[in-house]
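Notes follow the structure.
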Amino acid sequence: MPPRLSGGPPLTSPTSLASLLTLVVLLAVSAVHCGPRYSSRIVEIQSGAIRGIILELNSRHLEPVEVFRGVPYAAPPVGPLRFRPPQPPIRWPGTRLADTFGPACPQKYPDVTNKTAALQQMPKGRYQYLKKLVPLLANQSEDCLFLNIYVPGSGKYIDYGIHKTLMRVYSTVQDLPPL
């Protein structure tokens, strides 16, 4: 007896094979579009080359943004560099894919696992904001000296002097509202 999917027609029928092939093609196409779209531009900074991603915004009025995530602006402040002024970042070979956020600096935030108890300690708006932040704070490390740089597609920029090793960063700044 030919194999069946949950009581349906045999998998050897032309209709079933065509449906299965269509499903496989759709899954393959959607998997290709699920990953980040890497920028074609490679930017050379003092510590090496970086390539960002293109972030499509959810509005027809907003153009895509080029994003460089997790760009080190100083050497990791660990070991003998702990509690010392920042040192220049360590140079890396090749092109660094700047597609993931760096770790957050260690911090203690209020417990929001029990909604009832949390709402006794804070307003509802703060609770909702903290619930959104918790996944971003899951990856914490003392090695947390990273920048996330957002460059508008229009080519306009804001010039910031951030650190002596990264004299100019052409980007916009994404600010989180205060807690």
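In the structure tokens, each chain is lettered A, B, ... as it comes, each chain's residues begin at 1, and ligands are numbered from 1 in order of appearance.
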Practice item. Give the strand (DSSP E) residues of range 35-166 of chain A, as DSSP finds them on the backbone, and put them as a PyMOL selection string. Key: chain A and resi 37-45+48-55+65-72+95-97+146-152+158-160
Residues from last step as file, C-alpha atoms, as a PDB file, in the first residue's frame:
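Contents of again.pdb, as written:
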```pdb
ATOM      1  CA  ARG A  37      19.895  40.912   3.691  1.00  0.00           C
ATOM      2  CA  TYR A  38      23.558  41.854   3.835  1.00  0.00           C
ATOM      3  CA  SER A  39      24.698  45.249   2.654  1.00  0.00           C
ATOM      4  CA  SER A  40      26.781  45.337  -0.506  1.00  0.00           C
ATOM      5  CA  ARG A  41      28.962  48.019   1.082  1.00  0.00           C
ATOM      6  CA  ILE A  42      32.038  47.151   3.147  1.00  0.00           C
ATOM      7  CA  VAL A  43      33.105  49.945   5.497  1.00  0.00           C
ATOM      8  CA  GLU A  44      36.705  50.225   6.649  1.00  0.00           C
ATOM      9  CA  ILE A  45      37.119  51.477  10.224  1.00  0.00           C
ATOM     10  CA  GLY A  48      39.011  46.422  10.422  1.00  0.00           C
ATOM     11  CA  ALA A  49      36.352  46.085   7.757  1.00  0.00           C
ATOM     12  CA  ILE A  50      32.648  45.648   8.576  1.00  0.00           C
ATOM     13  CA  ARG A  51      29.597  44.695   6.559  1.00  0.00           C
ATOM     14  CA  GLY A  52      26.135  45.462   7.895  1.00  0.00           C
ATOM     15  CA  ILE A  53      22.625  44.422   7.005  1.00  0.00           C
ATOM     16  CA  ILE A  54      19.775  46.217   5.274  1.00  0.00           C
ATOM     17  CA  LEU A  55      16.771  46.590   7.558  1.00  0.00           C
ATOM     18  CA  VAL A  65      18.206  51.476   6.858  1.00  0.00           C
ATOM     19  CA  GLU A  66      21.728  50.066   6.792  1.00  0.00           C
ATOM     20  CA  VAL A  67      22.527  48.634  10.230  1.00  0.00           C
ATOM     21  CA  PHE A  68      25.893  47.701  11.719  1.00  0.00           C
ATOM     22  CA  ARG A  69      25.303  45.745  14.937  1.00  0.00           C
ATOM     23  CA  GLY A  70      27.844  44.845  17.587  1.00  0.00           C
ATOM     24  CA  VAL A  71      30.752  46.969  16.336  1.00  0.00           C
ATOM     25  CA  PRO A  72      33.473  47.017  19.039  1.00  0.00           C
ATOM     26  CA  THR A  95      35.505  41.519   6.979  1.00  0.00           C
ATOM     27  CA  ARG A  96      33.453  41.296  10.165  1.00  0.00           C
ATOM     28  CA  LEU A  97      29.730  40.683   9.673  1.00  0.00           C
ATOM     29  CA  PHE A 146      29.853  47.699  21.274  1.00  0.00           C
ATOM     30  CA  LEU A 147      28.026  50.172  19.049  1.00  0.00           C
ATOM     31  CA  ASN A 148      24.924  49.636  16.947  1.00  0.00           C
ATOM     32  CA  ILE A 149      25.061  52.042  14.021  1.00  0.00           C
ATOM     33  CA  TYR A 150      22.007  52.931  11.910  1.00  0.00           C
ATOM     34  CA  VAL A 151      22.603  54.641   8.564  1.00  0.00           C
ATOM     35  CA  PRO A 152      19.601  56.027   6.647  1.00  0.00           C
ATOM     36  CA  ILE A 158      24.716  62.763  11.870  1.00  0.00           C
ATOM     37  CA  ASP A 159      28.353  63.274  12.849  1.00  0.00           C
ATOM     38  CA  TYR A 160      29.265  62.149  16.376  1.00  0.00           C
TER      39      TYR A 160
END
```
Separating CA of Arg126 in chain A from CA of Lys108 in chain A, to the nearest tenth of an Å, is a gap of 15.2 Å
Counting only C-alpha atoms, which residue out of A:Ala104, A:Asp143, A:Gly153, A:Leu130 sits closest to Pro86 in chain A?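 Looking only at the distances to Pro86 in chain A, the closest residue turns out to be A:Asp143.
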A straight line from CA of Phe101 in chain A to CA of Val134 in chain A spans 14.3 Å
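If you look at CA of Leu137 in chain A and CA of Ser47 in chain A, they are 26.3 Å away from each other.
Using only C-alpha atoms for every distance, the candidate list A:Leu62, A:Ala117, A:Val112, A:Leu57 yields A:Val112 as the residue closest to Leu133 in chain A.
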